[in-house]
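Structure file target09.cif (mmCIF, C-alpha atoms) follows.
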```
data_work
#
loop_
_atom_site.label_atom_id
_atom_site.label_comp_id
_atom_site.auth_asym_id
_atom_site.auth_seq_id
_atom_site.Cartn_x
_atom_site.Cartn_y
_atom_site.Cartn_z
CA MET M 1 33.39 201.20 77.73
CA SER M 2 31.48 198.58 75.77
CA HIS M 3 31.69 198.63 71.97
CA PRO M 4 29.08 196.27 70.47
CA PHE M 5 29.93 194.81 67.06
CA ASP M 6 28.81 192.23 64.53
CA PRO M 7 31.18 189.24 64.19
CA GLY M 8 29.94 188.61 60.66
CA PRO M 9 29.11 185.34 58.87
CA VAL M 10 31.21 183.11 61.08
CA THR M 11 28.92 180.15 61.82
CA GLY M 12 26.90 177.55 59.97
CA ARG M 13 25.94 177.99 56.34
CA PHE M 14 26.90 181.65 56.45
CA ALA M 15 30.53 180.80 57.18
CA THR M 16 30.59 178.62 54.07
CA LEU M 17 28.94 181.33 51.98
CA ALA M 18 31.54 183.84 53.16
CA SER M 19 34.44 181.57 52.27
CA GLU M 20 33.13 180.16 48.99
CA TYR M 21 31.88 183.03 46.87
CA PRO M 22 32.03 183.83 43.15
CA GLY M 23 34.54 186.23 41.60
CA ALA M 24 35.32 187.37 38.07
CA GLU M 25 33.95 184.14 36.59
CA ALA M 26 30.45 185.28 37.62
CA TYR M 27 30.93 189.04 37.97
CA PRO M 28 32.81 190.39 34.91
CA PRO M 29 35.18 193.24 35.88
CA ALA M 30 33.81 195.28 32.98
CA ASP M 31 30.49 195.53 34.84
CA PHE M 32 31.38 195.08 38.52
CA ARG M 33 34.01 196.53 40.85
CA ILE M 34 35.31 193.16 42.02
CA GLU M 35 38.62 194.79 43.00
CA TRP M 36 36.95 196.04 46.21
CA GLY M 37 35.83 192.55 47.19
CA PRO M 38 32.40 191.12 48.04
CA ILE M 39 30.14 192.82 50.58
CA PHE M 40 27.92 190.15 52.10
CA HIS M 41 25.32 191.50 54.50
CA ARG M 42 24.34 193.71 57.41
CA GLY M 43 22.28 192.66 60.43
CA ARG M 44 21.44 189.49 62.31
CA LEU M 45 22.63 186.11 61.11
CA ASP M 46 21.71 184.37 64.36
CA GLY M 47 18.11 183.53 63.46
CA THR M 48 16.51 186.46 65.31
CA ALA M 49 15.77 188.60 62.25
CA LYS M 50 12.09 189.29 61.54
CA VAL M 51 12.59 191.50 58.50
CA LEU M 52 14.85 190.81 55.53
CA VAL M 53 15.84 193.78 53.38
CA VAL M 54 17.06 193.11 49.85
CA GLY M 55 19.04 195.99 48.33
CA GLN M 56 20.79 196.36 44.98
CA ASP M 57 24.57 196.75 45.13
CA PRO M 58 27.22 198.18 47.47
CA GLY M 59 28.86 201.58 46.95
CA GLN M 60 31.98 203.34 48.17
CA HIS M 61 30.91 203.59 51.83
CA GLU M 62 30.14 199.88 51.90
CA ALA M 63 33.47 198.99 50.28
CA ILE M 64 35.30 200.58 53.20
CA ALA M 65 32.92 199.60 56.04
CA ARG M 66 32.52 195.98 54.77
CA ARG M 67 28.77 195.99 55.42
CA ILE M 68 25.97 196.76 52.98
CA LEU M 69 23.62 199.74 53.15
CA VAL M 70 25.65 202.04 55.40
CA GLY M 71 25.61 205.18 53.19
CA GLU M 72 22.74 207.52 52.42
CA ALA M 73 20.48 204.71 51.18
CA GLY M 74 21.26 202.63 54.26
CA GLN M 75 20.45 205.48 56.63
CA ARG M 76 17.09 205.96 54.92
CA VAL M 77 16.39 202.22 55.16
CA GLN M 78 17.32 202.33 58.85
CA GLY M 79 14.77 205.09 59.34
CA PHE M 80 12.14 203.05 57.50
CA LEU M 81 12.69 200.08 59.82
CA ALA M 82 12.59 202.37 62.87
CA LYS M 83 9.07 203.47 61.93
CA LEU M 84 8.05 199.81 62.23
CA GLY M 85 9.69 199.45 65.62
CA ILE M 86 12.40 197.24 64.12
CA GLU M 87 15.68 198.41 65.62
CA ARG M 88 17.70 195.20 65.73
CA SER M 89 15.79 192.16 64.40
CA TYR M 90 16.59 192.60 60.72
CA VAL M 91 19.10 191.35 58.17
CA MET M 92 20.07 192.81 54.81
CA VAL M 93 21.58 191.38 51.63
CA ASN M 94 22.02 192.80 48.14
CA ALA M 95 20.99 191.57 44.71
CA PHE M 96 24.65 191.81 43.69
CA LEU M 97 27.67 190.86 45.75
CA TYR M 98 29.89 193.52 44.18
CA SER M 99 29.40 197.16 43.31
CA VAL M 100 27.99 197.69 39.83
CA TYR M 101 30.33 199.55 37.44
CA GLY M 102 28.30 201.63 35.00
CA GLN M 103 24.59 202.33 35.03
CA GLN M 104 23.66 199.21 33.07
CA GLY M 105 26.15 196.85 34.71
CA GLY M 106 23.54 195.18 36.88
CA GLU M 107 20.86 195.13 34.20
CA ARG M 108 23.04 193.03 31.93
CA HIS M 109 23.37 190.29 34.54
CA THR M 110 19.89 189.78 35.96
CA GLU M 111 19.77 186.33 34.34
CA SER M 112 23.32 185.25 35.16
CA GLU M 113 23.08 181.69 36.48
CA PRO M 114 26.19 181.80 38.74
CA ILE M 115 25.03 185.08 40.33
CA ILE M 116 21.51 183.76 40.84
CA ALA M 117 22.68 180.42 42.25
CA TYR M 118 24.91 182.01 44.90
CA ARG M 119 22.27 184.59 45.83
CA HIS M 120 19.67 181.82 46.17
CA SER M 121 21.99 180.07 48.62
CA TRP M 122 21.95 183.18 50.82
CA LEU M 123 18.17 183.50 50.58
CA ASP M 124 17.74 179.81 51.40
CA ALA M 125 19.97 180.19 54.46
CA LEU M 126 18.05 183.27 55.60
CA LEU M 127 14.46 182.25 54.84
CA VAL M 128 14.06 178.48 55.12
CA ASP M 129 12.88 177.56 58.63
CA SER M 130 13.54 181.11 59.85
CA ALA M 131 11.78 183.74 61.96
CA ILE M 132 11.60 186.24 59.10
CA GLU M 133 8.04 187.48 58.55
CA VAL M 134 8.56 190.16 55.90
CA VAL M 135 10.93 190.75 52.99
CA VAL M 136 11.34 194.31 51.72
CA GLY M 137 12.96 194.82 48.34
CA PHE M 138 14.31 198.31 47.61
CA GLY M 139 14.73 198.91 43.88
CA HIS M 140 13.77 196.95 40.79
CA LEU M 141 16.93 194.82 40.81
CA ALA M 142 16.16 193.76 44.37
CA ARG M 143 12.60 192.94 43.33
CA ASP M 144 13.84 190.85 40.41
CA ALA M 145 16.29 189.03 42.68
CA PHE M 146 13.70 188.03 45.25
CA GLU M 147 11.01 187.15 42.72
CA ARG M 148 13.43 184.74 41.06
CA TRP M 149 13.95 183.04 44.44
CA ARG M 150 10.15 182.86 44.82
CA GLN M 151 10.11 180.59 41.79
CA THR M 152 12.36 178.01 43.46
CA GLU M 153 11.05 175.09 45.48
CA ALA M 154 12.02 176.79 48.73
CA GLY M 155 10.53 180.09 47.59
CA GLU M 156 7.23 178.53 46.59
CA ALA M 157 6.95 176.96 50.03
CA SER M 158 7.59 180.26 51.80
CA GLY M 159 4.64 182.26 53.09
CA VAL M 160 6.69 185.37 53.85
CA LEU M 161 5.19 188.74 52.81
CA PHE M 162 7.16 190.46 50.06
CA GLU M 163 6.97 194.24 49.80
CA PRO M 164 8.78 195.71 46.75
CA LEU M 165 9.45 199.44 47.16
CA THR M 166 11.25 202.25 45.38
CA HIS M 167 15.00 202.46 45.99
CA PRO M 168 15.83 205.06 48.69
CA THR M 169 18.01 207.22 46.44
CA MET M 170 15.84 207.01 43.32
CA PRO M 171 14.73 210.68 43.60
CA GLU M 172 18.33 211.87 43.29
CA ALA M 173 19.15 209.42 40.50
CA ALA M 174 16.03 210.19 38.47
CA SER M 175 16.00 213.97 38.81
CA HIS M 176 19.52 214.68 37.47
CA GLY M 177 19.79 217.81 39.60
CA ASP M 178 16.32 219.17 38.80
CA ALA M 179 14.84 220.27 42.14
CA ASP M 180 11.21 220.07 41.03
CA ARG M 181 11.64 216.59 39.57
CA LYS M 182 13.41 215.47 42.72
CA ALA M 183 10.60 216.80 44.91
CA GLU M 184 7.96 215.04 42.85
CA ALA M 185 9.94 211.78 42.77
CA THR M 186 10.40 211.99 46.54
CA ARG M 187 6.67 212.50 47.12
CA SER M 188 5.88 209.52 44.90
CA MET M 189 8.46 207.32 46.63
CA LEU M 190 7.22 208.23 50.12
CA GLU M 191 3.60 207.62 49.14
CA GLY M 192 4.59 204.10 48.13
CA TRP M 193 6.66 203.66 51.28
CA ASN M 194 3.72 204.71 53.46
CA ALA M 195 1.47 202.15 51.80
CA GLY M 196 4.16 199.52 52.30
CA LEU M 197 4.59 200.46 55.96
CA GLU M 198 0.88 199.89 56.58
CA ARG M 199 0.89 196.47 54.94
CA ILE M 200 4.03 195.41 56.81
CA ASP M 201 2.71 196.78 60.10
CA ASP M 202 -0.39 194.61 59.72
CA VAL M 203 1.56 191.34 59.58
CA LEU M 204 4.57 191.94 61.83
CA GLY M 205 4.34 190.48 65.29
CA GLU M 206 6.29 191.65 68.32
CA ARG M 207 8.69 194.54 67.68
CA ASP M 208 12.01 195.55 69.19
CA SER M 209 10.53 198.76 70.60
CA GLY M 210 7.40 197.68 72.43
CA ASP M 211 6.26 201.21 73.29
CA ARG M 212 6.60 202.76 69.85
CA GLY M 213 2.95 203.86 69.62
CA SER M 214 1.06 204.34 66.35
CA LEU M 215 2.72 204.08 62.96
CA VAL M 216 3.97 207.53 61.94
CA PRO M 217 3.94 207.94 58.13
CA TYR M 218 6.30 210.02 56.02
CA GLY M 219 5.32 213.47 54.83
CA ASP M 220 5.80 214.82 51.31
CA GLU M 221 9.56 215.15 51.70
CA LEU M 222 12.37 213.32 53.43
CA LEU M 223 13.37 215.05 56.65
CA ALA M 224 16.64 214.73 58.54
CA GLU M 225 14.85 212.73 61.24
CA ASP M 226 13.66 210.23 58.61
CA ARG M 227 17.23 208.93 58.42
CA ALA M 228 18.86 206.95 61.21
CA PRO M 229 22.51 206.16 61.95
CA ILE M 230 23.71 202.59 61.56
CA PRO M 231 23.99 200.80 64.94
CA GLY M 232 27.39 199.75 66.20
CA PHE M 233 26.19 196.17 66.58
CA ASP M 234 25.83 195.97 62.78
CA MET M 235 29.47 196.75 62.07
CA PRO M 236 32.82 194.90 62.23
CA PRO M 237 34.77 195.29 65.47
CA GLY M 238 36.64 198.53 65.84
CA THR M 239 34.56 200.49 63.33
CA PRO M 240 34.74 204.20 64.24
CA PRO M 241 31.35 205.80 64.98
CA TRP M 242 31.57 208.26 62.07
CA MET M 243 31.58 205.36 59.58
CA ARG M 244 27.99 204.59 60.58
CA SER M 245 26.74 208.15 61.05
CA VAL M 246 24.50 210.16 58.73
CA LYS M 247 27.56 212.15 57.64
CA GLN M 248 29.15 211.43 54.28
CA TRP M 249 32.79 210.39 54.47
CA ALA M 250 33.69 208.38 51.34
CA THR M 251 34.00 209.81 47.82
CA ARG M 252 35.38 208.37 44.61
CA LYS M 253 38.28 210.50 43.34
CA GLY M 254 40.14 210.70 40.05
CA ASP M 255 40.44 212.51 36.73
CA THR M 256 39.49 209.46 34.65
CA PRO M 257 36.94 206.66 35.05
CA GLU M 258 39.81 204.23 35.72
CA ALA M 259 41.31 206.48 38.40
CA LYS M 260 37.93 206.99 40.09
CA ARG M 261 37.37 203.25 40.05
CA ALA M 262 40.66 202.67 41.84
CA CYS M 263 40.44 205.46 44.42
CA ILE M 264 38.04 206.09 47.27
CA GLU M 265 38.91 209.11 49.40
CA VAL M 266 38.00 208.67 53.08
CA VAL M 267 37.79 211.83 55.19
CA VAL M 268 36.95 211.93 58.89
CA PRO M 269 33.95 214.30 58.96
CA SER M 270 34.07 217.63 60.68
CA GLY M 271 32.80 217.27 64.23
CA GLU M 272 34.17 213.71 64.44
CA ARG M 273 37.83 214.71 64.83
CA PRO M 274 39.00 214.22 68.46
CA TRP M 275 42.00 216.50 68.04
CA GLU M 276 39.65 219.42 67.33
CA GLU M 277 37.87 219.01 70.66
CA ALA M 278 40.82 220.32 72.68
#
```
Show the structure stored in the file as structure tokens.
Amino acid sequence: MSHPFDPGPVTGRFATLASEYPGAEAYPPADFRIEWGPIFHRGRLDGTAKVLVVGQDPGQHEAIARRILVGEAGQRVQGFLAKLGIERSYVMVNAFLYSVYGQQGGERHTESEPIIAYRHSWLDALLVDSAIEVVVGFGHLARDAFERWRQTEAGEASGVLFEPLTHPTMPEAASHGDADRKAEATRSMLEGWNAGLERIDDVLGERDSGDRGSLVPYGDELLAEDRAPIPGFDMPPGTPPWMRSVKQWATRKGDTPEAKRACIEVVVPSGERPWEEA
């Protein structure tokens, strides 16, 4: 049986970026979970990407899977790309290389020169003389990150369309458990996503799925079918299928903030346990 996988940033400029990256000198441990290591990307680094997604920061699922945007937000992004007929020709990077620790951790470092310089090196490698036609930024930190690159010499010379959109899990974060607020935030987010889909659809050329038909917009709420599992060819070799499914499998555990920071509990989801099939 074939098991497609992503070899990672192993060639060219990406190999250098993966071996020479900033640590605590750029990402203070008080604001970033550098103990879990950097999470670089997800998607194509071979020059075939047509869409670049810029996210914000990795979470517990990403820390284990070693690829960005594989949790709930990633599955929603995957569904967004699927509506455009983009099933493989994409690449994703985050505004921050490490998971933010504390709500304001990222906000305090939007102007950090070492963080910006390294991130610009990734964007240069991805966007200069590339096939990318559209950049989608999910969340305000992603928007800030890309707009700073736009002000560089390489960014000013780029004609790529930039579409800044609401972060996929903003409704949950903004509603604080209030169902009505969540529903309204979701409707607002999806309205913006639908407008973004139309603008992107107008400029994108050939798609991965040639027979996708007309663009199908979102409704007023996110449905189960609006999410999509992460493809095996996006993940490191040997990644079990449940690590890229729509099921949740990683949770921070502990009785104190320090304990929760140090512990991620990984549980094979029900229905993904081979010993239960007998």
Name every residue that the PyMOL selection byres ((chain M and resi 164-168) around 6) selects in this structure, writing the answer as number ranges by chain with chains first and numbers rising.
M: 73, 136-139, 143, 163, 169-170, 189
Given all atoms listed in the file, how would the per-residue table for region 228-255 of chain M near region 40-48 of chain M read, listing every residue at most 10 Å away with its closest atom pair and distance in Å to one decimal, sorted by chain and number, as a tab-separated table?
```
residue	atom	partner	partner_atom	distance
M:Ile230	CA	M:Arg42	CA	9.8
M:Pro231	CA	M:Gly43	CA	9.5
M:Phe233	CA	M:Gly43	CA	8.1
M:Asp234	CA	M:Gly43	CA	5.4
M:Met235	CA	M:Arg42	CA	7.6
M:Pro236	CA	M:Arg42	CA	9.8
```
Kindly save the residues from that selection, with C-alpha atoms included, as a PDB file, keeping the file's coordinate frame.
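What landed in out.pdb:
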```
ATOM      1  CA  ILE M 230      23.710 202.590  61.560  1.00  0.00           C
ATOM      2  CA  PRO M 231      23.990 200.800  64.940  1.00  0.00           C
ATOM      3  CA  PHE M 233      26.190 196.170  66.580  1.00  0.00           C
ATOM      4  CA  ASP M 234      25.830 195.970  62.780  1.00  0.00           C
ATOM      5  CA  MET M 235      29.470 196.750  62.070  1.00  0.00           C
ATOM      6  CA  PRO M 236      32.820 194.900  62.230  1.00  0.00           C
TER       7      PRO M 236
END
```
Which centre and edge lengths in Å to one decimal define the box along x, y and z that fits every listed atom of region 6-16 of chain M plus 3 Å per side, as JSON?
```
{"center_x": 28.6, "center_y": 184.9, "center_z": 59.3, "size_x": 11.3, "size_y": 20.7, "size_z": 16.5}
```
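Of note, CA of Glu147 (chain M) and CA of Gly37 (chain M) are spaced 25.8 Å apart.
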Between CA of Glu35 (chain M) and CA of Val53 (chain M), what distance in Å does the model show, to one decimal?
25.1 Å
Could you give me, as a JSON list (two decimals) with C-alpha atoms, keeping the file's coordinate frame, the residues within 12 Å of Glu113 (chain M), counting all atoms listed in the file and dropping anything in the same chain fewer than 5 positions from it?
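What landed in result_1.json:
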```json
[["chain", "number", "residue", "atom", "x", "y", "z"],
["M", 22, "PRO", "CA", 32.03, 183.83, 43.15],
["M", 25, "GLU", "CA", 33.95, 184.14, 36.59],
["M", 26, "ALA", "CA", 30.45, 185.28, 37.62],
["M", 27, "TYR", "CA", 30.93, 189.04, 37.97],
["M", 118, "TYR", "CA", 24.91, 182.01, 44.90],
["M", 119, "ARG", "CA", 22.27, 184.59, 45.83],
["M", 120, "HIS", "CA", 19.67, 181.82, 46.17],
["M", 145, "ALA", "CA", 16.29, 189.03, 42.68],
["M", 148, "ARG", "CA", 13.43, 184.74, 41.06]]
```
If you apply the PyMOL selection byres ((chain M and resi 249) around 12) to this file, what residues do you get, as a ChimeraX atom specification?
/M:60-62,64-65,70-72,240-248,250-252,264-272
Please identify all polymer residues lying at most 6 Å from the point (18.2, 207.7, 59.0) (file coordinates), using all atoms listed in the file, and present the result as a PyMOL selection string.
chain M and resi 75-76+78-79+226-229
Dump as a PDB file, keeping the file's coordinate frame, selection limited to C-alpha atoms:
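Generated output (out-v6.pdb):
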```pdb
ATOM      1  CA  GLN M  75      20.450 205.480  56.630  1.00  0.00           C
ATOM      2  CA  ARG M  76      17.090 205.960  54.920  1.00  0.00           C
ATOM      3  CA  GLN M  78      17.320 202.330  58.850  1.00  0.00           C
ATOM      4  CA  GLY M  79      14.770 205.090  59.340  1.00  0.00           C
ATOM      5  CA  ASP M 226      13.660 210.230  58.610  1.00  0.00           C
ATOM      6  CA  ARG M 227      17.230 208.930  58.420  1.00  0.00           C
ATOM      7  CA  ALA M 228      18.860 206.950  61.210  1.00  0.00           C
ATOM      8  CA  PRO M 229      22.510 206.160  61.950  1.00  0.00           C
TER       9      PRO M 229
END
```
Of the candidates M:Ala185, M:Leu126, M:Ile115, M:Met1, which one gets nearest to Glu172 (chain M) if we count only C-alpha atoms?
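The shortest atom-to-atom distance to Glu172 (chain M) comes from M:Ala185.
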I'd like to see the residues matched by the PyMOL selection byres ((chain M and resi 208) around 12) on this file, and ideally I'd get them as number ranges by chain.
M: 48-51, 81-90, 204-207, 209-212
Generate a file of the selected residues that holds C-alpha atoms, formatted as an mmCIF file, in the frame of the given file.
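Listing of result-v6.cif after writing:
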```cif
data_model
loop_
_atom_site.group_PDB
_atom_site.id
_atom_site.type_symbol
_atom_site.label_atom_id
_atom_site.label_comp_id
_atom_site.auth_asym_id
_atom_site.auth_seq_id
_atom_site.Cartn_x
_atom_site.Cartn_y
_atom_site.Cartn_z
ATOM 1 C CA THR M 48 16.510 186.460 65.310
ATOM 2 C CA ALA M 49 15.770 188.600 62.250
ATOM 3 C CA LYS M 50 12.090 189.290 61.540
ATOM 4 C CA VAL M 51 12.590 191.500 58.500
ATOM 5 C CA LEU M 81 12.690 200.080 59.820
ATOM 6 C CA ALA M 82 12.590 202.370 62.870
ATOM 7 C CA LYS M 83 9.070 203.470 61.930
ATOM 8 C CA LEU M 84 8.050 199.810 62.230
ATOM 9 C CA GLY M 85 9.690 199.450 65.620
ATOM 10 C CA ILE M 86 12.400 197.240 64.120
ATOM 11 C CA GLU M 87 15.680 198.410 65.620
ATOM 12 C CA ARG M 88 17.700 195.200 65.730
ATOM 13 C CA SER M 89 15.790 192.160 64.400
ATOM 14 C CA TYR M 90 16.590 192.600 60.720
ATOM 15 C CA LEU M 204 4.570 191.940 61.830
ATOM 16 C CA GLY M 205 4.340 190.480 65.290
ATOM 17 C CA GLU M 206 6.290 191.650 68.320
ATOM 18 C CA ARG M 207 8.690 194.540 67.680
ATOM 19 C CA SER M 209 10.530 198.760 70.600
ATOM 20 C CA GLY M 210 7.400 197.680 72.430
ATOM 21 C CA ASP M 211 6.260 201.210 73.290
ATOM 22 C CA ARG M 212 6.600 202.760 69.850
#
```
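Distance-wise, CA of Asn194 (chain M) and CA of Pro171 (chain M) end up 15.9 Å apart.
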Rank M:Gly238, M:Pro4, M:Gly106, M:Gly159 by their smallest atom-to-atom distance to Ser130 (chain M), using all atoms listed in the file, and report the top residue only.
M:Gly159
Pick out the closest residue to Asp202 (chain M) from this set: M:Glu276, M:Asp57, M:Glu133, M:Asp178. Count all atoms listed in the file.
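Nearest candidate to Asp202 (chain M) out of M:Glu276, M:Asp57, M:Glu133, M:Asp178: M:Glu133.
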Start from the incomplete input, build N, CA and C atoms for region 191-220 of chain M, and deliver everything as a PDB file, in the frame of the given file.
```pdb
ATOM      1  N   GLU M 191       4.986 208.118  49.182  1.00  0.00           N
ATOM      2  CA  GLU M 191       3.600 207.620  49.140  1.00  0.00           C
ATOM      3  C   GLU M 191       3.600 206.102  49.067  1.00  0.00           C
ATOM      4  N   GLY M 192       4.477 205.549  48.216  1.00  0.00           N
ATOM      5  CA  GLY M 192       4.590 204.100  48.130  1.00  0.00           C
ATOM      6  C   GLY M 192       5.138 203.490  49.400  1.00  0.00           C
ATOM      7  N   TRP M 193       6.106 204.150  50.019  1.00  0.00           N
ATOM      8  CA  TRP M 193       6.660 203.660  51.280  1.00  0.00           C
ATOM      9  C   TRP M 193       5.599 203.642  52.373  1.00  0.00           C
ATOM     10  N   ASN M 194       4.773 204.669  52.433  1.00  0.00           N
ATOM     11  CA  ASN M 194       3.720 204.710  53.460  1.00  0.00           C
ATOM     12  C   ASN M 194       2.733 203.562  53.294  1.00  0.00           C
ATOM     13  N   ALA M 195       2.367 203.280  52.047  1.00  0.00           N
ATOM     14  CA  ALA M 195       1.470 202.150  51.800  1.00  0.00           C
ATOM     15  C   ALA M 195       2.129 200.846  52.208  1.00  0.00           C
ATOM     16  N   GLY M 196       3.424 200.713  51.909  1.00  0.00           N
ATOM     17  CA  GLY M 196       4.160 199.520  52.300  1.00  0.00           C
ATOM     18  C   GLY M 196       4.267 199.385  53.803  1.00  0.00           C
ATOM     19  N   LEU M 197       4.508 200.486  54.497  1.00  0.00           N
ATOM     20  CA  LEU M 197       4.590 200.460  55.960  1.00  0.00           C
ATOM     21  C   LEU M 197       3.293 199.920  56.562  1.00  0.00           C
ATOM     22  N   GLU M 198       2.172 200.344  56.039  1.00  0.00           N
ATOM     23  CA  GLU M 198       0.880 199.890  56.580  1.00  0.00           C
ATOM     24  C   GLU M 198       0.706 198.399  56.381  1.00  0.00           C
ATOM     25  N   ARG M 199       1.045 197.895  55.194  1.00  0.00           N
ATOM     26  CA  ARG M 199       0.890 196.470  54.940  1.00  0.00           C
ATOM     27  C   ARG M 199       1.831 195.644  55.816  1.00  0.00           C
ATOM     28  N   ILE M 200       3.068 196.125  55.960  1.00  0.00           N
ATOM     29  CA  ILE M 200       4.030 195.410  56.810  1.00  0.00           C
ATOM     30  C   ILE M 200       3.592 195.457  58.260  1.00  0.00           C
ATOM     31  N   ASP M 201       3.139 196.606  58.712  1.00  0.00           N
ATOM     32  CA  ASP M 201       2.710 196.780  60.100  1.00  0.00           C
ATOM     33  C   ASP M 201       1.583 195.816  60.458  1.00  0.00           C
ATOM     34  N   ASP M 202       0.762 195.494  59.478  1.00  0.00           N
ATOM     35  CA  ASP M 202      -0.390 194.610  59.720  1.00  0.00           C
ATOM     36  C   ASP M 202       0.029 193.171  59.994  1.00  0.00           C
ATOM     37  N   VAL M 203       1.186 192.756  59.460  1.00  0.00           N
ATOM     38  CA  VAL M 203       1.560 191.340  59.580  1.00  0.00           C
ATOM     39  C   VAL M 203       2.686 191.099  60.575  1.00  0.00           C
ATOM     40  N   LEU M 204       3.474 192.132  60.890  1.00  0.00           N
ATOM     41  CA  LEU M 204       4.570 191.940  61.830  1.00  0.00           C
ATOM     42  C   LEU M 204       4.063 191.684  63.236  1.00  0.00           C
ATOM     43  N   GLY M 205       4.701 190.761  63.905  1.00  0.00           N
ATOM     44  CA  GLY M 205       4.340 190.480  65.290  1.00  0.00           C
ATOM     45  C   GLY M 205       5.050 191.412  66.245  1.00  0.00           C
ATOM     46  N   GLU M 206       5.622 190.853  67.290  1.00  0.00           N
ATOM     47  CA  GLU M 206       6.290 191.650  68.320  1.00  0.00           C
ATOM     48  C   GLU M 206       7.465 192.427  67.734  1.00  0.00           C
ATOM     49  N   ARG M 207       7.626 193.674  68.184  1.00  0.00           N
ATOM     50  CA  ARG M 207       8.690 194.540  67.680  1.00  0.00           C
ATOM     51  C   ARG M 207       9.782 194.716  68.726  1.00  0.00           C
ATOM     52  N   ASP M 208      10.892 195.280  68.271  1.00  0.00           N
ATOM     53  CA  ASP M 208      12.010 195.550  69.190  1.00  0.00           C
ATOM     54  C   ASP M 208      11.654 196.639  70.190  1.00  0.00           C
ATOM     55  N   SER M 209      10.939 197.665  69.722  1.00  0.00           N
ATOM     56  CA  SER M 209      10.530 198.760  70.600  1.00  0.00           C
ATOM     57  C   SER M 209       9.056 198.590  70.937  1.00  0.00           C
ATOM     58  N   GLY M 210       8.774 198.014  72.076  1.00  0.00           N
ATOM     59  CA  GLY M 210       7.400 197.680  72.430  1.00  0.00           C
ATOM     60  C   GLY M 210       6.501 198.869  72.672  1.00  0.00           C
ATOM     61  N   ASP M 211       7.078 200.043  72.968  1.00  0.00           N
ATOM     62  CA  ASP M 211       6.260 201.210  73.290  1.00  0.00           C
ATOM     63  C   ASP M 211       6.296 202.249  72.178  1.00  0.00           C
ATOM     64  N   ARG M 212       6.400 201.826  70.943  1.00  0.00           N
ATOM     65  CA  ARG M 212       6.600 202.760  69.850  1.00  0.00           C
ATOM     66  C   ARG M 212       5.348 203.578  69.518  1.00  0.00           C
ATOM     67  N   GLY M 213       4.174 203.133  69.921  1.00  0.00           N
ATOM     68  CA  GLY M 213       2.950 203.860  69.620  1.00  0.00           C
ATOM     69  C   GLY M 213       2.455 203.593  68.208  1.00  0.00           C
ATOM     70  N   SER M 214       1.646 204.516  67.678  1.00  0.00           N
ATOM     71  CA  SER M 214       1.060 204.340  66.350  1.00  0.00           C
ATOM     72  C   SER M 214       2.100 204.539  65.256  1.00  0.00           C
ATOM     73  N   LEU M 215       1.847 203.924  64.114  1.00  0.00           N
ATOM     74  CA  LEU M 215       2.720 204.080  62.960  1.00  0.00           C
ATOM     75  C   LEU M 215       2.697 205.529  62.493  1.00  0.00           C
ATOM     76  N   VAL M 216       3.864 206.133  62.373  1.00  0.00           N
ATOM     77  CA  VAL M 216       3.970 207.530  61.940  1.00  0.00           C
ATOM     78  C   VAL M 216       4.423 207.540  60.475  1.00  0.00           C
ATOM     79  N   PRO M 217       3.569 207.962  59.548  1.00  0.00           N
ATOM     80  CA  PRO M 217       3.940 207.940  58.130  1.00  0.00           C
ATOM     81  C   PRO M 217       4.902 209.060  57.766  1.00  0.00           C
ATOM     82  N   TYR M 218       5.474 208.951  56.570  1.00  0.00           N
ATOM     83  CA  TYR M 218       6.300 210.020  56.020  1.00  0.00           C
ATOM     84  C   TYR M 218       5.409 211.162  55.549  1.00  0.00           C
ATOM     85  N   GLY M 219       5.996 212.342  55.445  1.00  0.00           N
ATOM     86  CA  GLY M 219       5.320 213.470  54.830  1.00  0.00           C
ATOM     87  C   GLY M 219       5.592 213.495  53.340  1.00  0.00           C
ATOM     88  N   ASP M 220       5.564 214.688  52.747  1.00  0.00           N
ATOM     89  CA  ASP M 220       5.800 214.820  51.310  1.00  0.00           C
ATOM     90  C   ASP M 220       7.269 214.894  50.955  1.00  0.00           C
TER      91      ASP M 220
END
```
